[in-house]
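Heads up, coords-v2.cif below (mmCIF, C-alpha atoms):
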data_work
#
loop_
_atom_site.group_PDB
_atom_site.id
_atom_site.type_symbol
_atom_site.label_atom_id
_atom_site.label_comp_id
_atom_site.auth_asym_id
_atom_site.auth_seq_id
_atom_site.Cartn_x
_atom_site.Cartn_y
_atom_site.Cartn_z
ATOM 1 C CA MET A 9 71.333 64.640 63.551
ATOM 2 C CA ARG A 10 70.504 63.522 67.075
ATOM 3 C CA ARG A 11 72.905 61.109 68.675
ATOM 4 C CA ASP A 12 70.260 58.415 69.259
ATOM 5 C CA LEU A 13 69.547 58.258 65.528
ATOM 6 C CA LEU A 14 73.130 57.711 64.436
ATOM 7 C CA SER A 15 74.000 54.396 62.837
ATOM 8 C CA GLY A 16 75.301 51.971 65.450
ATOM 9 C CA ALA A 17 73.803 53.776 68.449
ATOM 10 C CA THR A 18 74.671 51.625 71.438
ATOM 11 C CA VAL A 19 72.333 50.224 74.072
ATOM 12 C CA SER A 20 73.687 48.495 77.175
ATOM 13 C CA VAL A 21 71.658 46.412 79.601
ATOM 14 C CA LEU A 22 72.791 45.261 83.020
ATOM 15 C CA ALA A 23 72.733 41.576 83.926
ATOM 16 C CA PHE A 24 73.261 40.542 87.535
ATOM 17 C CA ASP A 25 73.150 37.575 89.865
ATOM 18 C CA GLY A 26 69.642 36.527 90.882
ATOM 19 C CA MET A 27 67.863 38.417 88.113
ATOM 20 C CA ALA A 28 64.609 37.357 86.460
ATOM 21 C CA PRO A 29 65.118 36.903 82.697
ATOM 22 C CA PHE A 30 61.968 38.570 81.333
ATOM 23 C CA GLU A 31 63.110 42.192 81.424
ATOM 24 C CA LEU A 32 66.508 41.306 79.984
ATOM 25 C CA GLY A 33 64.808 39.301 77.236
ATOM 26 C CA ALA A 34 62.516 42.230 76.394
ATOM 27 C CA VAL A 35 65.510 44.540 75.933
ATOM 28 C CA VAL A 36 67.336 41.970 73.810
ATOM 29 C CA GLU A 37 64.241 41.354 71.668
ATOM 30 C CA VAL A 38 63.664 45.046 70.926
ATOM 31 C CA PHE A 39 67.214 46.345 70.621
ATOM 32 C CA GLY A 40 69.355 43.263 69.945
ATOM 33 C CA LEU A 41 67.407 41.484 67.208
ATOM 34 C CA PRO A 42 68.612 42.544 63.722
ATOM 35 C CA ARG A 43 65.822 44.159 61.701
ATOM 36 C CA PRO A 44 67.103 44.599 58.114
ATOM 37 C CA GLU A 45 63.521 44.741 56.825
ATOM 38 C CA LEU A 46 63.058 48.140 58.490
ATOM 39 C CA ASP A 47 65.860 49.780 56.491
ATOM 40 C CA VAL A 48 66.935 52.113 59.298
ATOM 41 C CA PRO A 49 70.139 52.127 61.366
ATOM 42 C CA TRP A 50 69.451 49.702 64.198
ATOM 43 C CA TYR A 51 70.967 49.479 67.659
ATOM 44 C CA ASP A 52 74.181 47.858 68.825
ATOM 45 C CA LEU A 53 73.231 46.026 72.030
ATOM 46 C CA ARG A 54 75.742 45.035 74.727
ATOM 47 C CA VAL A 55 74.772 42.836 77.678
ATOM 48 C CA CYS A 56 76.992 43.848 80.600
ATOM 49 C CA ALA A 57 77.675 42.694 84.152
ATOM 50 C CA GLU A 58 79.780 43.665 87.126
ATOM 51 C CA THR A 59 81.561 40.311 87.038
ATOM 52 C CA THR A 60 82.776 37.823 84.462
ATOM 53 C CA GLU A 61 81.635 34.949 86.691
ATOM 54 C CA PRO A 62 78.503 33.011 85.687
ATOM 55 C CA LEU A 63 75.328 34.709 86.920
ATOM 56 C CA ARG A 64 72.514 32.698 88.492
ATOM 57 C CA ILE A 65 69.218 33.456 86.761
ATOM 58 C CA VAL A 66 65.749 32.838 88.189
ATOM 59 C CA GLY A 67 64.495 29.588 86.673
ATOM 60 C CA GLY A 68 67.581 27.512 87.424
ATOM 61 C CA PHE A 69 70.125 28.452 84.773
ATOM 62 C CA THR A 70 73.250 30.587 84.522
ATOM 63 C CA MET A 71 74.600 33.069 82.016
ATOM 64 C CA SER A 72 77.749 35.091 81.500
ATOM 65 C CA ALA A 73 78.085 38.595 80.081
ATOM 66 C CA ARG A 74 80.894 39.490 77.719
ATOM 67 C CA HIS A 75 81.108 43.152 78.745
ATOM 68 C CA GLY A 76 81.815 44.900 82.050
ATOM 69 C CA LEU A 77 80.583 48.075 83.688
ATOM 70 C CA ASP A 78 82.969 50.222 81.653
ATOM 71 C CA VAL A 79 81.120 49.231 78.482
ATOM 72 C CA PHE A 80 77.792 49.546 80.315
ATOM 73 C CA ALA A 81 78.490 53.165 81.264
ATOM 74 C CA ALA A 82 79.792 54.075 77.795
ATOM 75 C CA ALA A 83 76.591 53.296 75.845
ATOM 76 C CA ASP A 84 74.195 55.860 74.404
ATOM 77 C CA THR A 85 71.258 54.241 76.216
ATOM 78 C CA VAL A 86 71.809 52.449 79.543
ATOM 79 C CA ILE A 87 69.116 50.096 80.855
ATOM 80 C CA VAL A 88 68.722 48.537 84.318
ATOM 81 C CA PRO A 89 66.155 45.698 84.537
ATOM 82 C CA GLY A 90 64.373 44.814 87.791
ATOM 83 C CA VAL A 91 66.833 44.392 90.662
ATOM 84 C CA ALA A 92 67.025 41.079 92.490
ATOM 85 C CA ASP A 93 66.257 42.534 95.939
ATOM 86 C CA VAL A 94 64.601 45.938 96.292
ATOM 87 C CA ARG A 95 65.730 46.229 99.932
ATOM 88 C CA ALA A 96 69.373 45.369 99.282
ATOM 89 C CA GLU A 97 72.064 48.001 98.841
ATOM 90 C CA VAL A 98 72.812 48.680 95.201
ATOM 91 C CA SER A 99 76.405 47.878 94.311
ATOM 92 C CA PRO A 100 78.616 50.994 94.600
ATOM 93 C CA ALA A 101 80.195 50.026 91.280
ATOM 94 C CA VAL A 102 76.789 50.005 89.565
ATOM 95 C CA VAL A 103 75.883 53.336 91.182
ATOM 96 C CA ALA A 104 79.160 54.819 89.929
ATOM 97 C CA ALA A 105 78.555 53.448 86.420
ATOM 98 C CA LEU A 106 75.057 54.959 86.313
ATOM 99 C CA ARG A 107 76.334 58.340 87.466
ATOM 100 C CA THR A 108 79.138 58.225 84.913
ATOM 101 C CA ALA A 109 76.728 57.333 82.110
ATOM 102 C CA HIS A 110 74.322 60.105 83.038
ATOM 103 C CA ALA A 111 77.077 62.694 83.438
ATOM 104 C CA ARG A 112 78.351 62.032 79.936
ATOM 105 C CA GLY A 113 74.887 62.406 78.428
ATOM 106 C CA ALA A 114 73.626 58.841 78.155
ATOM 107 C CA ARG A 115 69.911 58.080 78.278
ATOM 108 C CA VAL A 116 69.414 56.129 81.537
ATOM 109 C CA VAL A 117 66.442 53.751 81.716
ATOM 110 C CA SER A 118 64.970 51.428 84.336
ATOM 111 C CA ILE A 119 62.453 48.607 84.024
ATOM 112 C CA CYS A 120 60.263 47.597 86.971
ATOM 113 C CA SER A 121 62.292 47.624 90.212
ATOM 114 C CA GLY A 122 65.382 48.822 88.337
ATOM 115 C CA ALA A 123 64.166 52.238 89.494
ATOM 116 C CA PHE A 124 65.715 51.446 92.892
ATOM 117 C CA ALA A 125 69.163 51.417 91.244
ATOM 118 C CA LEU A 126 68.531 54.769 89.542
ATOM 119 C CA ALA A 127 67.249 56.190 92.822
ATOM 120 C CA ALA A 128 70.341 54.935 94.656
ATOM 121 C CA ALA A 129 72.462 56.805 92.121
ATOM 122 C CA GLY A 130 70.504 59.998 92.843
ATOM 123 C CA LEU A 131 69.213 60.230 89.271
ATOM 124 C CA LEU A 132 65.569 60.372 90.371
ATOM 125 C CA ASP A 133 65.904 63.020 93.084
ATOM 126 C CA GLY A 134 63.279 65.719 92.621
ATOM 127 C CA ARG A 135 61.768 63.898 89.654
ATOM 128 C CA GLU A 136 58.610 61.954 88.987
ATOM 129 C CA ALA A 137 59.323 58.244 88.517
ATOM 130 C CA THR A 138 57.483 54.961 88.464
ATOM 131 C CA THR A 139 58.114 51.330 89.326
ATOM 132 C CA HIS A 140 55.987 48.246 89.824
ATOM 133 C CA TRP A 141 52.908 49.239 91.860
ATOM 134 C CA LYS A 142 53.870 46.609 94.453
ATOM 135 C CA TYR A 143 57.109 48.477 95.215
ATOM 136 C CA ALA A 144 55.893 52.065 94.882
ATOM 137 C CA GLY A 145 55.432 52.583 98.622
ATOM 138 C CA LEU A 146 58.841 51.168 99.435
ATOM 139 C CA LEU A 147 60.543 53.316 96.772
ATOM 140 C CA ARG A 148 58.859 56.365 98.276
ATOM 141 C CA THR A 149 59.995 55.364 101.784
ATOM 142 C CA LEU A 150 63.594 54.549 100.911
ATOM 143 C CA HIS A 151 64.008 57.519 98.580
ATOM 144 C CA PRO A 152 61.713 60.317 99.800
ATOM 145 C CA ARG A 153 63.117 62.818 97.301
ATOM 146 C CA VAL A 154 61.609 60.800 94.437
ATOM 147 C CA ARG A 155 58.062 61.743 93.394
ATOM 148 C CA VAL A 156 56.680 58.234 92.869
ATOM 149 C CA ASN A 157 53.729 57.868 90.501
ATOM 150 C CA PRO A 158 52.383 54.304 90.785
ATOM 151 C CA ASP A 159 49.641 54.735 88.174
ATOM 152 C CA VAL A 160 51.519 55.188 84.893
ATOM 153 C CA LEU A 161 53.245 52.664 82.634
ATOM 154 C CA TYR A 162 56.362 54.802 82.206
ATOM 155 C CA VAL A 163 57.778 58.274 82.854
ATOM 156 C CA ASP A 164 60.062 60.016 80.352
ATOM 157 C CA HIS A 165 62.280 62.938 81.383
ATOM 158 C CA GLY A 166 64.388 62.688 78.249
ATOM 159 C CA ASP A 167 67.644 61.816 79.994
ATOM 160 C CA VAL A 168 66.117 59.505 82.616
ATOM 161 C CA LEU A 169 63.191 57.142 82.011
ATOM 162 C CA THR A 170 61.461 54.695 84.361
ATOM 163 C CA SER A 171 58.849 52.033 83.663
ATOM 164 C CA ALA A 172 56.375 50.082 85.743
ATOM 165 C CA GLY A 173 56.122 46.296 86.084
ATOM 166 C CA SER A 174 57.887 43.869 83.761
ATOM 167 C CA ALA A 175 55.581 44.077 80.739
ATOM 168 C CA ALA A 176 55.648 47.877 80.945
ATOM 169 C CA GLY A 177 59.322 47.550 80.057
ATOM 170 C CA LEU A 178 58.183 46.563 76.572
ATOM 171 C CA ASP A 179 56.013 49.674 76.442
ATOM 172 C CA LEU A 180 59.005 51.809 77.351
ATOM 173 C CA CYS A 181 61.329 50.060 74.881
ATOM 174 C CA LEU A 182 58.815 50.709 72.088
ATOM 175 C CA HIS A 183 58.553 54.317 73.281
ATOM 176 C CA LEU A 184 62.317 54.672 72.869
ATOM 177 C CA VAL A 185 62.136 53.223 69.353
ATOM 178 C CA ARG A 186 59.299 55.637 68.584
ATOM 179 C CA LYS A 187 61.395 58.582 69.807
ATOM 180 C CA ASP A 188 64.412 57.464 67.801
ATOM 181 C CA HIS A 189 62.821 56.273 64.563
ATOM 182 C CA GLY A 190 59.209 57.431 64.525
ATOM 183 C CA ALA A 191 55.792 55.842 64.912
ATOM 184 C CA LYS A 192 55.911 53.790 61.699
ATOM 185 C CA ILE A 193 59.049 51.890 62.746
ATOM 186 C CA ALA A 194 57.810 51.437 66.334
ATOM 187 C CA ASN A 195 54.533 50.057 65.018
ATOM 188 C CA ALA A 196 56.416 47.603 62.808
ATOM 189 C CA VAL A 197 58.435 46.370 65.794
ATOM 190 C CA ALA A 198 55.225 46.026 67.825
ATOM 191 C CA ARG A 199 53.679 43.920 65.067
ATOM 192 C CA ARG A 200 56.726 41.640 65.114
ATOM 193 C CA LEU A 201 56.287 41.273 68.863
ATOM 194 C CA VAL A 202 52.512 40.773 68.441
ATOM 195 C CA ILE A 203 51.761 43.496 70.992
ATOM 196 C CA PRO A 204 49.969 46.847 70.719
ATOM 197 C CA PRO A 205 52.289 49.762 69.852
ATOM 198 C CA HIS A 206 50.803 51.747 72.722
ATOM 199 C CA ARG A 207 48.713 50.467 75.622
ATOM 200 C CA GLU A 208 45.943 52.559 77.088
ATOM 201 C CA GLY A 209 45.599 53.323 80.793
ATOM 202 C CA GLY A 210 48.126 52.870 83.548
ATOM 203 C CA GLN A 211 49.031 50.450 86.312
ATOM 204 C CA ALA A 212 45.875 51.192 88.251
ATOM 205 C CA GLN A 213 43.947 48.736 86.111
ATOM 206 C CA PHE A 214 46.227 45.900 87.294
ATOM 207 C CA ILE A 215 46.450 46.595 91.024
ATOM 208 C CA GLU A 216 44.962 43.671 92.935
ATOM 209 C CA ALA A 217 42.304 43.246 90.259
ATOM 210 C CA GLN A 218 40.118 40.172 90.425
ATOM 211 C CA VAL A 219 40.424 37.852 87.462
ATOM 212 C CA ARG A 220 37.119 37.453 85.661
ATOM 213 C CA ASP A 221 35.896 35.483 82.666
ATOM 214 C CA MET A 222 35.642 37.233 79.335
ATOM 215 C CA GLY A 223 31.971 37.701 78.541
ATOM 216 C CA GLU A 224 29.805 38.959 75.737
ATOM 217 C CA GLU A 225 30.315 42.532 76.893
ATOM 218 C CA ASP A 226 34.043 42.236 76.099
ATOM 219 C CA ASP A 227 33.268 41.234 72.503
ATOM 220 C CA ALA A 228 30.870 44.161 72.297
ATOM 221 C CA ILE A 229 33.497 46.593 73.590
ATOM 222 C CA ALA A 230 36.047 45.211 71.120
ATOM 223 C CA ARG A 231 33.529 45.611 68.294
ATOM 224 C CA SER A 232 32.891 49.223 69.210
ATOM 225 C CA MET A 233 36.634 49.950 69.426
ATOM 226 C CA ALA A 234 37.217 48.454 65.979
ATOM 227 C CA TRP A 235 34.379 50.599 64.623
ATOM 228 C CA ALA A 236 35.907 53.718 66.192
ATOM 229 C CA LEU A 237 39.322 53.011 64.682
ATOM 230 C CA ALA A 238 37.733 52.655 61.259
ATOM 231 C CA ASN A 239 35.915 55.972 61.665
ATOM 232 C CA LEU A 240 38.388 58.225 63.490
ATOM 233 C CA ALA A 241 37.862 61.087 61.045
ATOM 234 C CA GLU A 242 34.164 61.221 61.905
ATOM 235 C CA PRO A 243 32.561 62.652 65.057
ATOM 236 C CA ILE A 244 32.484 59.868 67.672
ATOM 237 C CA THR A 245 30.445 60.123 70.852
ATOM 238 C CA VAL A 246 29.981 57.778 73.772
ATOM 239 C CA ALA A 247 26.391 57.341 72.623
ATOM 240 C CA ALA A 248 27.584 56.200 69.190
ATOM 241 C CA LEU A 249 30.067 53.769 70.731
ATOM 242 C CA ALA A 250 27.367 52.430 73.034
ATOM 243 C CA ARG A 251 25.076 51.855 70.042
ATOM 244 C CA GLU A 252 27.785 49.854 68.307
ATOM 245 C CA ALA A 253 28.132 47.746 71.478
ATOM 246 C CA ARG A 254 24.354 47.547 71.890
ATOM 247 C CA MET A 255 24.562 48.904 75.430
ATOM 248 C CA ALA A 256 23.208 51.829 77.352
ATOM 249 C CA PRO A 257 25.805 54.628 77.576
ATOM 250 C CA ARG A 258 26.336 54.277 81.347
ATOM 251 C CA THR A 259 26.713 50.511 81.057
ATOM 252 C CA TYR A 260 29.114 50.966 78.156
ATOM 253 C CA ILE A 261 31.306 53.430 80.060
ATOM 254 C CA ARG A 262 31.501 51.035 83.024
ATOM 255 C CA HIS A 263 32.493 48.027 80.880
ATOM 256 C CA PHE A 264 34.885 50.062 78.730
ATOM 257 C CA THR A 265 36.727 51.503 81.727
ATOM 258 C CA ARG A 266 36.961 48.111 83.404
ATOM 259 C CA ARG A 267 38.441 46.610 80.261
ATOM 260 C CA THR A 268 40.880 49.361 79.251
ATOM 261 C CA GLY A 269 41.620 51.327 82.404
ATOM 262 C CA THR A 270 40.629 54.584 80.732
ATOM 263 C CA SER A 271 37.485 56.365 79.561
ATOM 264 C CA PRO A 272 36.081 56.021 76.018
ATOM 265 C CA ILE A 273 36.725 59.681 75.178
ATOM 266 C CA ARG A 274 40.301 59.598 76.483
ATOM 267 C CA TRP A 275 40.908 56.417 74.464
ATOM 268 C CA ILE A 276 39.553 58.038 71.283
ATOM 269 C CA ILE A 277 41.767 61.099 71.795
ATOM 270 C CA THR A 278 44.811 58.862 72.195
ATOM 271 C CA GLN A 279 43.965 56.886 69.051
ATOM 272 C CA ARG A 280 43.578 60.108 67.080
ATOM 273 C CA ILE A 281 46.935 61.366 68.314
ATOM 274 C CA ASN A 282 48.561 58.028 67.425
ATOM 275 C CA ALA A 283 47.009 58.212 63.954
ATOM 276 C CA SER A 284 48.373 61.725 63.472
ATOM 277 C CA LEU A 285 51.997 60.742 64.122
ATOM 278 C CA PRO A 286 52.715 58.961 60.799
ATOM 279 C CA LEU A 287 50.888 61.773 58.945
ATOM 280 C CA LEU A 288 53.093 64.391 60.573
ATOM 281 C CA GLU A 289 56.170 62.288 59.847
ATOM 282 C CA SER A 290 55.467 61.418 56.209
ATOM 283 C CA SER A 291 53.304 64.201 54.729
ATOM 284 C CA THR A 292 53.600 67.928 54.145
ATOM 285 C CA ALA A 293 49.907 68.613 54.789
ATOM 286 C CA PRO A 294 49.285 71.556 57.115
ATOM 287 C CA VAL A 295 48.907 70.689 60.767
ATOM 288 C CA GLU A 296 45.272 71.807 60.594
ATOM 289 C CA GLU A 297 44.558 69.238 57.867
ATOM 290 C CA VAL A 298 46.297 66.483 59.807
ATOM 291 C CA GLY A 299 44.168 67.203 62.863
ATOM 292 C CA ALA A 300 40.981 67.181 60.792
ATOM 293 C CA ALA A 301 42.003 63.954 59.051
ATOM 294 C CA VAL A 302 42.139 62.100 62.362
ATOM 295 C CA GLY A 303 38.925 63.599 63.702
ATOM 296 C CA PHE A 304 39.808 66.604 65.859
ATOM 297 C CA GLU A 305 37.064 69.214 65.556
ATOM 298 C CA SER A 306 39.427 72.199 65.437
ATOM 299 C CA PRO A 307 43.167 72.942 65.098
ATOM 300 C CA ALA A 308 43.186 74.333 68.632
ATOM 301 C CA THR A 309 41.717 71.115 70.023
ATOM 302 C CA PHE A 310 44.270 69.057 68.110
ATOM 303 C CA ARG A 311 47.197 71.146 69.365
ATOM 304 C CA HIS A 312 45.903 71.066 72.940
ATOM 305 C CA HIS A 313 45.517 67.302 73.158
ATOM 306 C CA PHE A 314 48.665 66.581 71.124
ATOM 307 C CA THR A 315 50.836 68.801 73.319
ATOM 308 C CA ARG A 316 49.361 67.329 76.472
ATOM 309 C CA ALA A 317 50.036 63.762 75.341
ATOM 310 C CA VAL A 318 53.336 64.078 73.451
ATOM 311 C CA ARG A 319 54.722 67.030 75.438
ATOM 312 C CA THR A 320 55.541 68.944 72.299
ATOM 313 C CA SER A 321 53.498 70.687 69.623
ATOM 314 C CA PRO A 322 52.504 69.005 66.327
ATOM 315 C CA SER A 323 54.767 71.419 64.442
ATOM 316 C CA ALA A 324 57.746 70.699 66.698
ATOM 317 C CA TYR A 325 57.116 66.957 66.409
ATOM 318 C CA ARG A 326 57.067 67.237 62.615
ATOM 319 C CA LYS A 327 60.286 69.242 62.642
ATOM 320 C CA ALA A 328 61.990 66.561 64.734
ATOM 321 C CA PHE A 329 60.628 63.444 63.013
ATOM 322 C CA HIS A 330 59.596 64.330 59.466
ATOM 323 C CA ARG A 331 60.943 61.915 56.864
ATOM 324 C CA ALA A 332 61.865 63.543 53.579
#
Could you show the structure in this file as structure tokens?
Amino acid sequence: MRRDLLSGATVSVLAFDGMAPFELGAVVEVFGLPRPELDVPWYDLRVCAETTEPLRIVGGFTMSARHGLDVFAAADTVIVPGVADVRAEVSPAVVAALRTAHARGARVVSICSGAFALAAAGLLDGREATTHWKYAGLLRTLHPRVRVNPDVLYVDHGDVLTSAGSAAGLDLCLHLVRKDHGAKIANAVARRLVIPPHREGGQAQFIEAQVRDMGEEDDAIARSMAWALANLAEPITVAALAREARMAPRTYIRHFTRRTGTSPIRWIITQRINASLPLLESSTAPVEEVGAAVGFESPATFRHHFTRAVRTSPSAYRKAFHRA
């Protein structure tokens, strides 16, 4: 059994002076809230800090952490939320704790500008990583050995994971739950949080975008997406989606991309892959049948898109996550 699936797997999150509370709250909500209704071993969360002194939190309040950096570095999954100042030197003690955690096999994670702490520890050297799009240029300048990708919501290297802006931290936390417990459990947690289990597109859709009113075209796009989800097993074309939205195909593509940050076909492929995950986890149907059940026209097409998205084959995913 993998270590991250063992009962009582520990997650530590770093609290520090001057931090914003959102990222910390997201980690606590996902990993610290008891979930007996899910009937799986849940996480043991520890909030840690470099000091026992009260920490000043953005918003005008203080908090204290029970655990120190020794506990932080000893967890199975170690999380650094957005740092208070991206230009400030990262504490040598925090850098040492991150290196210690990584050296002993912990899964090291950053949310938003927490990537600057991981970069300071050298954990991102030679790797692709992301952070909030606002800080991507600075991360690239300060740490030129990091291959910064400002367009994605998160990057997963297995042992080191980075996420984009604050809300993308929730995406990454759900991704970790999905890796540890499967799509069904991650979807249940997402429903509790009232958020989608997987968001489409990347950060590009949020970069300096003008705020606009929701119009009739948004309702039409939503209607077509709901229709597609109800008919994933059937052939779905852009023309069919456009008919459901009562738009011309070119107009539909423009509105769809503006709303979701991705193309209609890419979105459909992602939905089909997402729909295949619980089937691979819970059934013994051949991979070919699973692919056909979610609408892929051939086994080869299913394997191609699945491997590209999940970075493993459907058979390997089933071997890792199948529930007897």
- request: Name the residues captured by the PyMOL selection byres ((chain A and resi 186) around 12) when it is applied to the shown file; answer as a VMD selection string.
  value: chain A and resid 12 to 13 38 179 to 185 187 to 198 205 to 206 282 285 to 286 289 318 325 328 to 329
message: For range 101-106 of chain A, find every residue with an atom within 12 Å (counting all atoms listed in the file), except residues of its own chain fewer than 3 positions away, and show them as a PyMOL selection string.
response: chain A and resi 20-24+56-59+76-88+91+97-98+109-118+122-132+167-168
Who sits within 10 Å of His313 in chain A, all atoms listed in the file, same chain under 2 positions skipped, as a ChimeraX atom specification: /A:274,277-278,280-281,304,308-311,315-319,321-322
Could those selected residues go to a file with C-alpha atoms, as an mmCIF file, keeping the file's coordinate frame?
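Wrote selection00.cif, looks like this:
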data_model
loop_
_atom_site.group_PDB
_atom_site.id
_atom_site.type_symbol
_atom_site.label_atom_id
_atom_site.label_comp_id
_atom_site.auth_asym_id
_atom_site.auth_seq_id
_atom_site.Cartn_x
_atom_site.Cartn_y
_atom_site.Cartn_z
ATOM 1 C CA ARG A 274 40.301 59.598 76.483
ATOM 2 C CA ILE A 277 41.767 61.099 71.795
ATOM 3 C CA THR A 278 44.811 58.862 72.195
ATOM 4 C CA ARG A 280 43.578 60.108 67.080
ATOM 5 C CA ILE A 281 46.935 61.366 68.314
ATOM 6 C CA PHE A 304 39.808 66.604 65.859
ATOM 7 C CA ALA A 308 43.186 74.333 68.632
ATOM 8 C CA THR A 309 41.717 71.115 70.023
ATOM 9 C CA PHE A 310 44.270 69.057 68.110
ATOM 10 C CA ARG A 311 47.197 71.146 69.365
ATOM 11 C CA THR A 315 50.836 68.801 73.319
ATOM 12 C CA ARG A 316 49.361 67.329 76.472
ATOM 13 C CA ALA A 317 50.036 63.762 75.341
ATOM 14 C CA VAL A 318 53.336 64.078 73.451
ATOM 15 C CA ARG A 319 54.722 67.030 75.438
ATOM 16 C CA SER A 321 53.498 70.687 69.623
ATOM 17 C CA PRO A 322 52.504 69.005 66.327
#
Length of the CA of Ala28 in chain A to CA of Arg95 in chain A vector [Å]: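 Atom-to-atom, CA of Ala28 in chain A to CA of Arg95 in chain A, that is 16.2 Å.
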query: To one decimal place, how far is CA of Phe69 in chain A from CA of Tyr51 in chain A in Å?
result: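 Separation of CA of Phe69 in chain A and CA of Tyr51 in chain A: 27.1 Å.
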message: With all atoms listed in the file as the counted atoms, please give the residues lying no more than 12 Å from Met27 in chain A, apart from itself and same-chain residues fewer than 3 positions off, as a count of residues only.
response: 27
task: Please identify all polymer residues within 9 Å of Ala137 in chain A, counting only C-alpha atoms, omitting same-chain residues fewer than 2 positions from it, and present them as a list of chain:residue names.
output: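 Near Ala137 in chain A, the qualifying residues are A:Ala123, A:Leu132, A:Arg135, A:Thr139, A:Val154, A:Arg155, A:Val156, A:Asn157, A:Pro158, A:Tyr162, A:Val163, A:Asp164, A:Leu169, A:Thr170, A:Ser171.
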Hey, could you pull the box centre and edge lengths for range 296-299 of chain A, axis-aligned, 6 Å padding per side, all listed atoms, to one decimal in Å, as AutoDock Vina command-line options?
--center_x 45.2 --center_y 69.1 --center_z 60.4 --size_x 14.1 --size_y 17.3 --size_z 17.0
query: Hey, can you check how far CA of Leu146 in chain A sits from CA of Val19 in chain A?
result: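 Atom-to-atom, CA of Leu146 in chain A to CA of Val19 in chain A, that is 28.7 Å.
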query: If the PyMOL selection byres ((chain A and resi 303) around 8) is run on the structure shown, which residues does it catch, given as a count of residues only?
result: 11
- prompt: Hey, which of A:Glu252, A:Asp47, A:Glu136, A:His165 ends up closest to Pro152 in chain A? Count all atoms listed in the file.
  reply: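 Selected residue with least distance to Pro152 in chain A: A:Glu136.
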task: Give as a ChimeraX atom specification the residues that the PyMOL selection byres ((chain A and resi 246) around 10) matches when applied to the coordinates above.
output: /A:244-245,247-252,256-258,260-261,271-273,276
task: Just give me the residues with any atom within 12 Å of (33.5, 48.4, 80.3), file coordinates, counting only C-alpha atoms, written as a PyMOL selection string.
output: chain A and resi 213+222-230+232-233+246+249-250+253+255-272
